[in-house]
>>> print(open('entry01.txt').read())   # compact mmCIF, C-alpha atoms
# COMPACT_ATOMS: atom_id res chain seq x y z
CA MET Y 1241 21.26 58.57 89.38
CA ASN Y 1242 18.18 56.84 90.76
CA ASP Y 1243 18.11 56.70 94.55
CA ASP Y 1244 16.76 53.14 94.46
CA THR Y 1245 19.39 51.75 92.09
CA ASN Y 1246 22.52 53.86 92.66
CA ASP Y 1247 24.30 50.94 94.35
CA ILE Y 1248 23.86 48.96 91.11
CA GLY Y 1249 25.46 51.81 89.17
CA PHE Y 1250 28.51 51.97 91.43
CA ASN Y 1251 28.97 48.20 91.44
CA SER Y 1252 28.51 47.84 87.68
CA ILE Y 1253 31.14 50.52 86.96
CA ILE Y 1254 33.69 49.01 89.36
CA GLY Y 1255 32.78 45.45 88.39
CA GLY Y 1256 33.13 46.28 84.70
CA ALA Y 1257 36.52 47.90 85.25
CA PHE Y 1258 37.68 44.84 87.22
CA PHE Y 1259 36.39 42.41 84.56
CA VAL Y 1260 38.02 44.24 81.65
CA SER Y 1261 41.36 44.88 83.39
CA SER Y 1262 41.64 41.28 84.61
CA VAL Y 1263 39.59 38.82 82.55
CA VAL Y 1264 39.76 40.61 79.19
CA ALA Y 1265 43.43 41.52 79.64
CA GLY Y 1266 44.23 38.01 80.87
CA ILE Y 1267 42.47 36.18 78.04
CA THR Y 1268 43.97 38.57 75.49
CA SER Y 1269 47.47 37.88 76.84
CA ILE Y 1270 46.95 34.10 76.87
CA SER Y 1271 45.49 34.06 73.34
CA ILE Y 1272 48.60 35.68 71.83
CA SER Y 1273 51.22 34.15 74.13
CA LYS Y 1274 52.53 31.90 71.35
CA TYR Y 1275 53.39 34.91 69.19
CA ASP Y 1276 55.84 36.38 71.75
CA ARG Y 1277 54.54 39.93 71.34
CA LYS Y 1278 55.61 42.93 73.38
CA ILE Y 1279 53.97 46.25 74.09
CA LYS Y 1280 55.24 49.73 74.85
CA LYS Y 1281 56.22 50.11 78.46
CA SER Y 1282 55.52 53.84 78.73
CA SER Y 1283 51.91 53.76 77.53
CA PHE Y 1284 51.11 50.66 79.59
CA ILE Y 1285 52.47 52.11 82.85
CA ARG Y 1286 50.74 55.43 82.18
CA ASN Y 1287 47.34 53.79 81.68
CA VAL Y 1288 47.63 51.47 84.68
CA LEU Y 1289 48.80 54.25 87.00
CA PHE Y 1290 45.98 56.52 85.90
CA LEU Y 1291 43.39 53.78 86.43
CA ILE Y 1292 44.81 53.25 89.92
CA LEU Y 1293 44.45 57.01 90.50
CA CYS Y 1294 40.79 56.85 89.38
CA VAL Y 1295 40.05 53.95 91.73
CA VAL Y 1296 41.78 55.68 94.66
CA CYS Y 1297 39.85 58.92 94.04
CA LEU Y 1298 36.58 57.01 93.89
CA LEU Y 1299 37.51 55.12 97.04
CA VAL Y 1300 38.11 58.42 98.83
CA VAL Y 1301 34.66 59.64 97.76
CA ILE Y 1302 33.02 56.44 99.01
CA VAL Y 1303 34.88 56.55 102.34
CA ILE Y 1304 33.90 60.19 102.90
CA GLY Y 1305 30.32 59.24 102.08
CA LYS Y 1306 29.33 62.39 100.21
CA ILE Y 1307 30.40 64.54 97.29
CA HIS Y 1308 29.67 68.13 96.27
CA LEU Y 1309 29.02 69.42 92.78
CA TRP Y 1310 32.54 70.85 92.54
CA GLY Y 1311 33.99 67.52 93.59
CA ALA Y 1312 31.99 65.75 90.87
CA LEU Y 1313 33.21 68.27 88.28
CA ALA Y 1314 36.82 67.75 89.41
CA PHE Y 1315 36.38 63.98 89.18
CA PHE Y 1316 34.96 64.29 85.65
CA PHE Y 1317 37.71 66.65 84.45
CA LEU Y 1318 40.35 64.14 85.52
CA TYR Y 1319 39.65 62.61 82.10
CA VAL Y 1320 40.76 65.84 80.45
CA VAL Y 1321 44.00 65.57 82.44
CA TYR Y 1322 44.35 61.98 81.21
CA ILE Y 1323 43.91 63.03 77.57
CA CYS Y 1324 46.53 65.77 78.02
CA CYS Y 1325 48.94 63.25 79.55
CA ILE Y 1326 48.44 60.93 76.58
CA PHE Y 1327 49.05 63.74 74.11
CA LEU Y 1328 52.19 65.00 75.83
CA SER Y 1329 53.68 61.55 76.44
CA GLU Y 1330 53.04 60.40 72.87
CA MET Y 1331 54.62 63.56 71.48
CA TYR Y 1332 57.66 62.95 73.68
CA VAL Y 1333 57.93 59.26 72.71
CA ARG Y 1334 57.61 60.03 69.01
CA GLY Y 1335 60.35 62.58 69.29
CA GLU Y 1336 62.61 60.06 71.01
CA GLU Y 1337 61.84 57.27 68.55
CA LYS Y 1338 61.88 59.32 65.37
CA TYR Y 1339 65.09 57.80 64.12
CA SER Y 1340 64.93 54.49 65.96
CA ASN Y 1341 64.47 51.17 64.19
CA CYS Y 1342 62.15 48.29 65.03
CA GLU Y 1343 64.36 46.73 67.71
CA GLU Y 1344 61.46 46.38 70.16
CA GLY Y 1345 59.30 44.35 67.79
CA MET Y 1346 57.10 47.24 66.65
CA ILE Y 1347 56.39 47.37 62.90
CA ASP Y 1348 56.62 50.41 60.65
CA ASP Y 1349 53.56 52.29 59.51
CA HIS Y 1350 54.16 51.33 55.87
CA MET Y 1351 53.96 47.64 56.79
CA LEU Y 1352 50.45 47.80 58.25
CA ASP Y 1353 48.85 46.96 54.92
CA LEU Y 1354 50.95 43.81 54.48
CA PRO Y 1355 49.57 40.41 55.53
CA MET Y 1356 50.83 39.26 58.90
CA VAL Y 1357 52.79 36.22 57.72
CA CYS Y 1358 55.59 36.69 60.23
CA ASP Y 1359 53.72 34.63 62.81
CA MET Y 1360 53.44 31.61 60.54
CA LYS Y 1361 55.82 28.75 61.07
CA LYS Y 1362 58.16 27.76 58.31
CA GLY Y 1363 56.37 25.76 55.64
CA GLU Y 1364 52.95 27.26 56.38
CA GLU Y 1365 53.19 30.18 53.96
CA LEU Y 1366 50.49 30.20 51.31
CA SER Y 1367 51.08 31.19 47.75
CA CYS Y 1368 49.14 33.99 46.09
CA GLU Y 1369 47.23 31.43 44.04
CA GLN Y 1370 46.20 29.58 47.22
CA LEU Y 1371 45.09 32.83 48.86
CA ARG Y 1372 42.91 33.68 45.87
CA VAL Y 1373 41.11 30.34 45.82
CA PRO Y 1374 38.58 31.18 48.58
CA LEU Y 1375 37.70 34.38 46.75
CA LEU Y 1376 36.69 32.42 43.64
CA VAL Y 1377 34.35 30.13 45.54
CA ASN Y 1378 30.70 31.08 45.21
CA LYS Y 1379 28.67 31.29 48.40
CA ASP Y 1380 25.97 29.17 46.74
CA ASP Y 1381 28.46 26.30 46.69
CA ILE Y 1382 29.01 26.60 50.44
CA GLN Y 1383 25.50 27.09 51.76
CA SER Y 1384 22.71 24.79 50.80
CA GLU Y 1385 19.36 26.14 49.77
CA LYS Y 1386 17.83 24.95 53.03
CA GLN Y 1387 20.40 26.80 55.14
CA LYS Y 1388 19.78 29.98 53.18
CA LYS Y 1389 16.05 29.73 53.76
CA ILE Y 1390 16.54 29.19 57.49
CA ALA Y 1391 18.87 32.18 57.66
CA PHE Y 1392 16.32 34.28 55.76
CA VAL Y 1393 13.54 33.30 58.18
CA LEU Y 1394 15.75 34.04 61.20
CA ARG Y 1395 16.61 37.48 59.82
CA LYS Y 1396 12.92 38.23 59.34
CA VAL Y 1397 12.11 37.10 62.89
CA VAL Y 1398 14.88 39.26 64.34
CA TYR Y 1399 13.70 42.19 62.21
CA ILE Y 1400 10.14 41.84 63.52
CA LEU Y 1401 11.35 41.57 67.12
CA GLU Y 1402 13.44 44.73 66.69
CA LEU Y 1403 10.60 46.80 65.22
CA PRO Y 1404 9.11 48.00 68.56
CA LEU Y 1405 12.47 49.62 69.41
CA ASP Y 1406 13.76 50.30 65.92
CA ILE Y 1407 10.86 52.47 64.76
CA PRO Y 1408 10.86 54.84 67.80
CA ARG Y 1409 14.64 55.26 67.44
CA LYS Y 1410 14.32 56.08 63.75
CA LEU Y 1411 11.58 58.58 64.57
CA THR Y 1412 13.77 60.47 67.07
CA ILE Y 1413 17.42 59.98 65.94
CA PRO Y 1414 18.31 62.10 62.87
CA ASN Y 1415 20.36 60.16 60.32
CA VAL Y 1416 21.94 62.08 57.45
CA SER Y 1417 24.08 59.30 55.99
CA GLN Y 1418 23.71 58.90 52.24
CA GLU Y 1419 22.93 55.17 52.50
CA LYS Y 1420 20.17 55.46 55.13
CA TRP Y 1421 18.69 58.86 54.31
CA SER Y 1422 14.89 58.99 54.24
CA LYS Y 1423 13.17 62.34 53.97
CA PRO Y 1424 10.01 61.32 55.93
CA PHE Y 1425 12.10 59.89 58.77
CA GLY Y 1426 14.44 62.89 58.63
CA VAL Y 1427 11.60 65.39 58.99
CA VAL Y 1428 9.84 63.45 61.74
CA SER Y 1429 13.06 62.79 63.70
CA ILE Y 1430 14.17 66.43 63.73
CA THR Y 1431 10.64 67.38 64.83
CA LEU Y 1432 10.33 64.89 67.70
CA ALA Y 1433 13.94 65.00 68.96
CA PRO Y 1434 13.59 68.27 70.97
CA LEU Y 1435 10.37 67.04 72.60
CA LEU Y 1436 12.01 63.75 73.70
CA LEU Y 1437 14.98 65.67 75.10
CA PHE Y 1438 12.65 67.81 77.22
CA LEU Y 1439 10.83 64.71 78.44
CA ILE Y 1440 14.10 63.11 79.58
CA TRP Y 1441 15.27 66.38 81.12
CA ASP Y 1442 12.01 66.61 83.05
CA PHE Y 1443 12.64 63.08 84.33
CA ILE Y 1444 16.26 63.49 85.51
CA GLY Y 1445 16.41 67.22 86.25
CA PRO Y 1446 14.26 69.93 87.76
CA LYS Y 1447 10.59 69.70 86.87
CA THR Y 1448 9.70 71.95 83.96
CA ARG Y 1449 6.41 73.72 83.38
CA ILE Y 1450 3.91 72.81 80.70
CA TRP Y 1451 4.86 75.80 78.53
CA ALA Y 1452 8.37 74.35 78.17
CA TYR Y 1453 6.93 71.39 76.28
CA GLY Y 1454 5.11 73.80 73.99
CA ILE Y 1455 8.36 75.64 73.25
CA SER Y 1456 10.20 72.39 72.53
CA GLY Y 1457 7.36 71.30 70.23
CA LEU Y 1458 7.50 74.61 68.35
CA ILE Y 1459 11.29 74.34 67.99
CA GLY Y 1460 10.96 70.82 66.62
CA LEU Y 1461 8.15 71.83 64.27
CA ALA Y 1462 10.17 74.76 62.92
CA CYS Y 1463 13.18 72.52 62.31
CA GLY Y 1464 10.97 69.94 60.59
CA VAL Y 1465 9.50 72.55 58.24
CA VAL Y 1466 12.99 73.81 57.33
CA VAL Y 1467 14.20 70.28 56.58
CA PHE Y 1468 11.08 69.50 54.55
CA PHE Y 1469 11.62 72.46 52.20
CA THR Y 1470 15.44 72.29 51.99
CA SER Y 1471 15.96 68.56 51.32
CA ASP Y 1472 14.83 65.98 48.80
CA GLY Y 1473 14.05 62.30 48.96
CA LEU Y 1474 17.37 61.15 47.52
CA ASN Y 1475 20.06 63.28 49.17
CA PRO Y 1476 20.43 64.33 52.82
CA PRO Y 1477 20.98 67.99 53.74
CA LYS Y 1478 24.42 69.24 52.77
CA LYS Y 1479 24.59 72.23 55.11
CA PHE Y 1480 25.12 72.24 58.88
CA ASN Y 1481 26.15 68.57 58.93
CA PHE Y 1482 27.93 69.12 62.24
CA LEU Y 1483 24.63 70.08 63.90
CA TRP Y 1484 22.91 67.04 62.40
CA LEU Y 1485 25.65 64.71 63.61
CA GLY Y 1486 25.73 66.35 67.03
CA LEU Y 1487 21.96 65.97 67.47
CA GLY Y 1488 22.13 62.37 66.27
CA PHE Y 1489 24.86 61.62 68.80
CA LEU Y 1490 22.90 63.32 71.59
CA MET Y 1491 19.74 61.38 70.77
CA SER Y 1492 21.71 58.12 70.65
CA ILE Y 1493 22.95 58.84 74.17
CA THR Y 1494 19.37 59.62 75.20
CA TRP Y 1495 18.17 56.25 73.93
CA THR Y 1496 21.08 54.53 75.66
CA TYR Y 1497 19.94 56.17 78.90
CA ILE Y 1498 16.35 55.02 78.35
CA LEU Y 1499 17.39 51.42 77.68
CA ALA Y 1500 19.79 51.46 80.63
CA GLU Y 1501 16.91 52.52 82.89
CA GLU Y 1502 14.85 49.55 81.73
CA LEU Y 1503 17.81 47.19 82.13
CA ILE Y 1504 18.38 48.37 85.70
CA SER Y 1505 14.69 47.89 86.48
CA LEU Y 1506 14.91 44.36 85.10
CA LEU Y 1507 17.94 43.62 87.29
CA VAL Y 1508 16.14 44.90 90.38
CA SER Y 1509 13.15 42.69 89.55
CA MET Y 1510 15.42 39.66 89.07
CA GLY Y 1511 17.07 40.37 92.40
CA LEU Y 1512 13.71 40.50 94.18
CA ILE Y 1513 12.47 37.32 92.51
CA LEU Y 1514 15.66 35.29 93.05
CA GLY Y 1515 16.49 36.79 96.44
CA ILE Y 1516 19.85 38.12 95.22
CA SER Y 1517 21.15 41.56 96.10
CA PRO Y 1518 20.77 43.89 93.09
CA SER Y 1519 24.26 45.23 93.74
CA ILE Y 1520 25.64 41.71 93.25
CA LEU Y 1521 23.78 41.45 89.93
CA GLY Y 1522 25.21 44.79 88.88
CA LEU Y 1523 28.67 43.62 89.90
CA THR Y 1524 28.42 40.42 87.87
CA VAL Y 1525 25.65 40.15 85.29
CA LEU Y 1526 25.56 43.81 84.24
CA ALA Y 1527 29.35 44.17 84.35
CA TRP Y 1528 29.82 41.02 82.27
CA GLY Y 1529 27.21 42.07 79.73
CA ASN Y 1530 28.82 45.49 79.31
CA SER Y 1531 32.28 43.97 78.88
CA LEU Y 1532 31.72 40.95 76.61
CA GLY Y 1533 32.01 43.19 73.55
CA ASP Y 1534 35.40 44.37 74.79
CA LEU Y 1535 36.50 40.76 75.26
CA VAL Y 1536 35.63 39.71 71.70
CA ALA Y 1537 36.97 42.89 70.09
CA ASN Y 1538 40.26 42.96 72.01
CA VAL Y 1539 41.08 39.28 71.49
CA THR Y 1540 40.28 39.51 67.77
CA LEU Y 1541 42.33 42.68 67.38
CA ALA Y 1542 45.31 41.27 69.26
CA LYS Y 1543 45.37 38.04 67.23
CA SER Y 1544 44.76 39.48 63.76
CA SER Y 1545 46.59 42.81 63.73
CA GLY Y 1546 50.09 41.90 64.86
CA PRO Y 1547 52.11 43.83 67.45
CA ARG Y 1548 50.15 47.02 66.87
CA GLY Y 1549 46.91 45.15 67.52
CA ALA Y 1550 48.28 43.71 70.77
CA GLN Y 1551 49.34 47.20 71.85
CA VAL Y 1552 45.92 48.70 71.13
CA ALA Y 1553 44.03 45.76 72.66
CA LEU Y 1554 45.88 45.79 75.98
CA CYS Y 1555 45.82 49.58 76.27
CA GLY Y 1556 42.07 49.40 75.70
CA CYS Y 1557 41.76 47.08 78.70
CA TYR Y 1558 42.81 50.01 80.91
CA ALA Y 1559 41.78 53.07 78.88
CA GLY Y 1560 38.19 51.79 78.58
CA PRO Y 1561 37.63 51.48 82.35
CA ILE Y 1562 39.20 54.94 82.80
CA PHE Y 1563 36.61 56.39 80.42
CA ASN Y 1564 33.72 54.51 82.04
CA THR Y 1565 34.78 55.58 85.52
CA LEU Y 1566 35.61 59.23 84.90
CA VAL Y 1567 33.11 60.06 82.16
CA GLY Y 1568 30.31 57.55 82.74
CA LEU Y 1569 30.27 57.70 86.52
CA GLY Y 1570 31.53 61.30 86.51
CA LEU Y 1571 28.56 62.57 84.48
CA SER Y 1572 26.16 60.66 86.73
CA LEU Y 1573 27.73 62.26 89.79
CA ILE Y 1574 27.49 65.70 88.18
CA PHE Y 1575 23.76 65.28 87.53
CA THR Y 1576 23.01 63.87 90.98
CA THR Y 1577 25.03 66.55 92.80
CA TRP Y 1578 23.39 69.19 90.61
CA LYS Y 1579 19.97 67.97 91.75
CA ALA Y 1580 21.15 68.08 95.39
CA PHE Y 1581 22.93 71.47 95.05
CA PRO Y 1582 23.80 73.39 97.22
CA SER Y 1583 23.83 70.36 99.51
CA SER Y 1584 26.16 67.42 98.98
CA TYR Y 1585 25.09 64.14 97.46
CA ILE Y 1586 25.13 61.24 99.93
CA VAL Y 1587 27.00 58.33 98.34
CA PRO Y 1588 25.26 54.97 98.88
CA MET Y 1589 27.06 52.74 101.37
CA ASP Y 1590 27.72 49.18 100.21
CA SER Y 1591 30.35 47.17 102.04
CA THR Y 1592 30.88 44.80 99.09
CA ILE Y 1593 32.27 47.59 96.94
CA TYR Y 1594 35.38 47.76 99.13
CA GLU Y 1595 36.11 44.13 98.36
CA THR Y 1596 35.70 44.75 94.63
CA MET Y 1597 37.96 47.80 94.68
CA GLY Y 1598 40.55 45.88 96.71
CA PHE Y 1599 40.68 43.05 94.19
CA LEU Y 1600 40.72 45.58 91.35
CA LEU Y 1601 43.75 47.32 92.83
CA LEU Y 1602 45.40 43.93 93.38
CA GLY Y 1603 44.96 43.07 89.70
CA LEU Y 1604 46.34 46.43 88.62
CA LEU Y 1605 49.37 46.05 90.90
CA TRP Y 1606 49.96 42.55 89.52
CA ALA Y 1607 49.99 43.95 85.98
CA LEU Y 1608 52.16 46.89 86.98
CA VAL Y 1609 54.81 44.63 88.58
CA ILE Y 1610 54.77 41.44 86.51
CA LEU Y 1611 54.64 42.75 82.95
CA PRO Y 1612 57.68 45.09 83.19
CA LYS Y 1613 59.63 42.28 84.91
CA ARG Y 1614 58.86 39.99 81.95
CA ASP Y 1615 60.16 42.56 79.46
CA MET Y 1616 56.60 43.64 78.50
CA ARG Y 1617 55.87 40.28 76.87
CA LEU Y 1618 52.25 39.14 76.87
CA ASP Y 1619 52.47 35.53 78.03
CA LYS Y 1620 50.42 32.92 79.86
CA PHE Y 1621 51.94 33.66 83.27
CA PHE Y 1622 50.72 37.25 83.16
CA GLY Y 1623 47.25 36.27 81.91
CA ILE Y 1624 46.73 33.33 84.26
CA GLY Y 1625 47.66 35.53 87.22
CA LEU Y 1626 44.96 38.05 86.30
CA LEU Y 1627 42.37 35.31 85.81
CA ALA Y 1628 43.31 33.75 89.17
CA ILE Y 1629 42.73 37.06 90.94
CA TYR Y 1630 39.28 37.40 89.36
CA LEU Y 1631 38.38 33.77 90.17
CA CYS Y 1632 39.33 34.36 93.82
CA PHE Y 1633 37.01 37.36 93.81
CA LEU Y 1634 34.15 35.29 92.35
CA PHE Y 1635 34.79 32.52 94.88
CA LEU Y 1636 34.50 35.04 97.72
CA LYS Y 1637 31.22 36.39 96.30
CA LEU Y 1638 29.82 32.90 95.81
CA ALA Y 1639 30.84 31.82 99.31
CA ARG Y 1640 29.12 34.86 100.81
CA ALA Y 1641 25.98 34.33 98.74
CA LEU Y 1642 25.77 30.70 99.96
CA GLY Y 1643 26.33 31.74 103.56
CA PHE Y 1644 29.78 30.18 104.04
CA ILE Y 1645 31.35 33.57 104.78
CA ASP Y 1646 29.58 36.11 106.93
CA PHE Y 1647 32.06 38.93 107.54
CA GLN Y 1648 31.66 42.43 106.14
CA ILE Y 1649 34.33 44.94 105.24
CA SER Y 1650 33.66 48.47 106.50
CA PRO Y 1651 35.67 51.66 105.97
>>> encode(input="entry01.txt", output="structure tokens")
Amino acid sequence: MNDDTNDIGFNSIIGGAFFVSSVVAGITSISISKYDRKIKKSSFIRNVLFLILCVVCLLVVIVIGKIHLWGALAFFFLYVVYICCIFLSEMYVRGEEKYSNCEEGMIDDHMLDLPMVCDMKKGEELSCEQLRVPLLVNKDDIQSEKQKKIAFVLRKVVYILELPLDIPRKLTIPNVSQEKWSKPFGVVSITLAPLLLFLIWDFIGPKTRIWAYGISGLIGLACGVVVFFTSDGLNPPKKFNFLWLGLGFLMSITWTYILAEELISLLVSMGLILGISPSILGLTVLAWGNSLGDLVANVTLAKSSGPRGAQVALCGCYAGPIFNTLVGLGLSLIFTTWKAFPSSYIVPMDSTIYETMGFLLLGLLWALVILPKRDMRLDKFFGIGLLAIYLCFLFLKLARALGFIDFQISP
């Protein structure tokens, strides 16, 4: 949304989608290749095709070079169409498979609570007594006293380092969970939350007058007084929990926006110091940082939760980028076109984004062709192909950064 860093935003969204759909999907497939697991063909093809549609729509916007408010709204509401497609297709598939058995390797719902021993080789099964042994071992027997002291000191250091950010968040994000409820923090957070929202609105939207801050302060003060007299120190408010949760979610998004602004500023500074294009940093460093959590979560889920876990993990490799592109980038486009309304928003021109989108589409086409041909089995061939495509992309970027390649792709 910032005119000075919008190229970083575009590149980080596309770079993140490329990383998740190629590297995360590839590593996930390789990590479970020995289990010979399959996924549902219908949901996989639906997700990949819709991600291709998102990339093509975004490519059209970039080629045109501008977008109007109505175009941004249409781009955002593509996600609603995606959700409707998921709902309708799943209802259809469930109707078709209502009386089918587990011929395709999918397990029944009543088996989800059973330990996944089917992947063990013969002779590796553990008895119930062996499984209970680790539970009887005391942690004091595993960790020495010195290790426990070091861990305690590290936790205290991390706690102190987090205080400058943790305290302001607690003072502005209402938390009504029974475990973390604190009446002083609850009263202060509901009082300061409206004022912080107006400050952020004044930063990203039309400039507001000074009396608007007074109104927001009065609203927050009134809410704080109501919470002070209707709650106690032990139990959070029992009424209007939906409003509490909604405000907490909204303030969490607000803090995410604030931290993202600082992260982008840090990337721009790094680019100026190191002489690297900020868009390249957004395409690599920021995209990798945003996607490492997906990598760990998807691989762990695929390896530990059986066929259902593999299904969810691989679908997440395509559904996640769809959400980031349509909702994350879509909301940003809505705000920027709203600020430029009734004129159109001029999309920043960056020739490198065409290369990224080309490699992204190549990876999606590889997945769309290879996996159905291999009977929807997640194996090393499928994963290595995705990783090879991403490595070719990185080689091209590195060669250009070192000056070995000097051509530019233009629309």
>>> closest_residue(input="entry01.txt", among="Y:Leu1626, Y:Val1536, Y:Val1397, Y:Met1616", to="Phe1599 in chain Y", atoms="only C-alpha atoms")
Y:Leu1626
>>> atom_distance(input="entry01.txt", atom1="CA of Ala1527 in chain Y", atom2="CA of Met1597 in chain Y")
13.9 Å
>>> axis_aligned_box(input="entry01.txt", around="range 1483-1487 of chain Y", padding_each_side="6 Å", output="AutoDock Vina command-line options")
--center_x 23.8 --center_y 67.4 --center_z 64.9 --size_x 15.8 --size_y 17.4 --size_z 17.1
>>> closest_residue(input="entry01.txt", among="Y:Ala1550, Y:Leu1461, Y:Leu1474, Y:Ile1253", to="Val1525 in chain Y", atoms="only C-alpha atoms")
Y:Ile1253
>>> atom_distance(input="entry01.txt", atom1="CA of Gly1488 in chain Y", atom2="CA of Pro1414 in chain Y")
5.1 Å
>>> atom_distance(input="entry01.txt", atom1="CA of Leu1535 in chain Y", atom2="CA of Trp1495 in chain Y")
24.0 Å
>>> closest_residue(input="entry01.txt", among="Y:Leu1569, Y:Arg1640, Y:Pro1612, Y:Tyr1453", to="Ile1254 in chain Y", atoms="only C-alpha atoms")
Y:Leu1569
>>> build_atoms(input="entry01.txt", residues="range 1503-1520 of chain Y", atoms="N, CA and C atoms", output="CSV table (one decimal), in the frame of the given file")
chain,number,residue,atom,x,y,z
Y,1503,LEU,N,16.9,48.3,81.7
Y,1503,LEU,CA,17.8,47.2,82.1
Y,1503,LEU,C,18.0,47.2,83.6
Y,1504,ILE,N,18.2,48.3,84.2
Y,1504,ILE,CA,18.4,48.4,85.7
Y,1504,ILE,C,17.1,47.9,86.4
Y,1505,SER,N,16.0,48.3,85.9
Y,1505,SER,CA,14.7,47.9,86.5
Y,1505,SER,C,14.5,46.4,86.4
Y,1506,LEU,N,15.0,45.8,85.3
Y,1506,LEU,CA,14.9,44.4,85.1
Y,1506,LEU,C,15.8,43.7,86.1
Y,1507,LEU,N,17.0,44.2,86.3
Y,1507,LEU,CA,17.9,43.6,87.3
Y,1507,LEU,C,17.4,43.7,88.7
Y,1508,VAL,N,16.8,44.8,89.1
Y,1508,VAL,CA,16.1,44.9,90.4
Y,1508,VAL,C,15.0,43.9,90.5
Y,1509,SER,N,14.2,43.7,89.5
Y,1509,SER,CA,13.2,42.7,89.6
Y,1509,SER,C,13.7,41.3,89.7
Y,1510,MET,N,14.8,41.0,89.0
Y,1510,MET,CA,15.4,39.7,89.1
Y,1510,MET,C,16.0,39.4,90.5
Y,1511,GLY,N,16.5,40.5,91.0
Y,1511,GLY,CA,17.1,40.4,92.4
Y,1511,GLY,C,16.0,40.1,93.4
Y,1512,LEU,N,14.8,40.7,93.3
Y,1512,LEU,CA,13.7,40.5,94.2
Y,1512,LEU,C,13.1,39.1,94.0
Y,1513,ILE,N,13.0,38.6,92.8
Y,1513,ILE,CA,12.5,37.3,92.5
Y,1513,ILE,C,13.4,36.2,93.0
Y,1514,LEU,N,14.7,36.3,92.7
Y,1514,LEU,CA,15.7,35.3,93.0
Y,1514,LEU,C,16.2,35.5,94.4
Y,1515,GLY,N,15.9,36.6,95.1
Y,1515,GLY,CA,16.5,36.8,96.4
Y,1515,GLY,C,18.0,37.1,96.4
Y,1516,ILE,N,18.4,37.7,95.4
Y,1516,ILE,CA,19.8,38.1,95.2
Y,1516,ILE,C,19.9,39.6,95.3
Y,1517,SER,N,21.0,40.1,96.0
Y,1517,SER,CA,21.2,41.6,96.1
Y,1517,SER,C,21.3,42.2,94.7
Y,1518,PRO,N,20.6,43.2,94.4
Y,1518,PRO,CA,20.8,43.9,93.1
Y,1518,PRO,C,22.2,44.4,92.9
Y,1519,SER,N,22.9,44.8,93.9
Y,1519,SER,CA,24.3,45.2,93.7
Y,1519,SER,C,25.2,44.1,93.3
Y,1520,ILE,N,24.9,42.9,93.7
Y,1520,ILE,CA,25.6,41.7,93.2
Y,1520,ILE,C,25.4,41.5,91.8
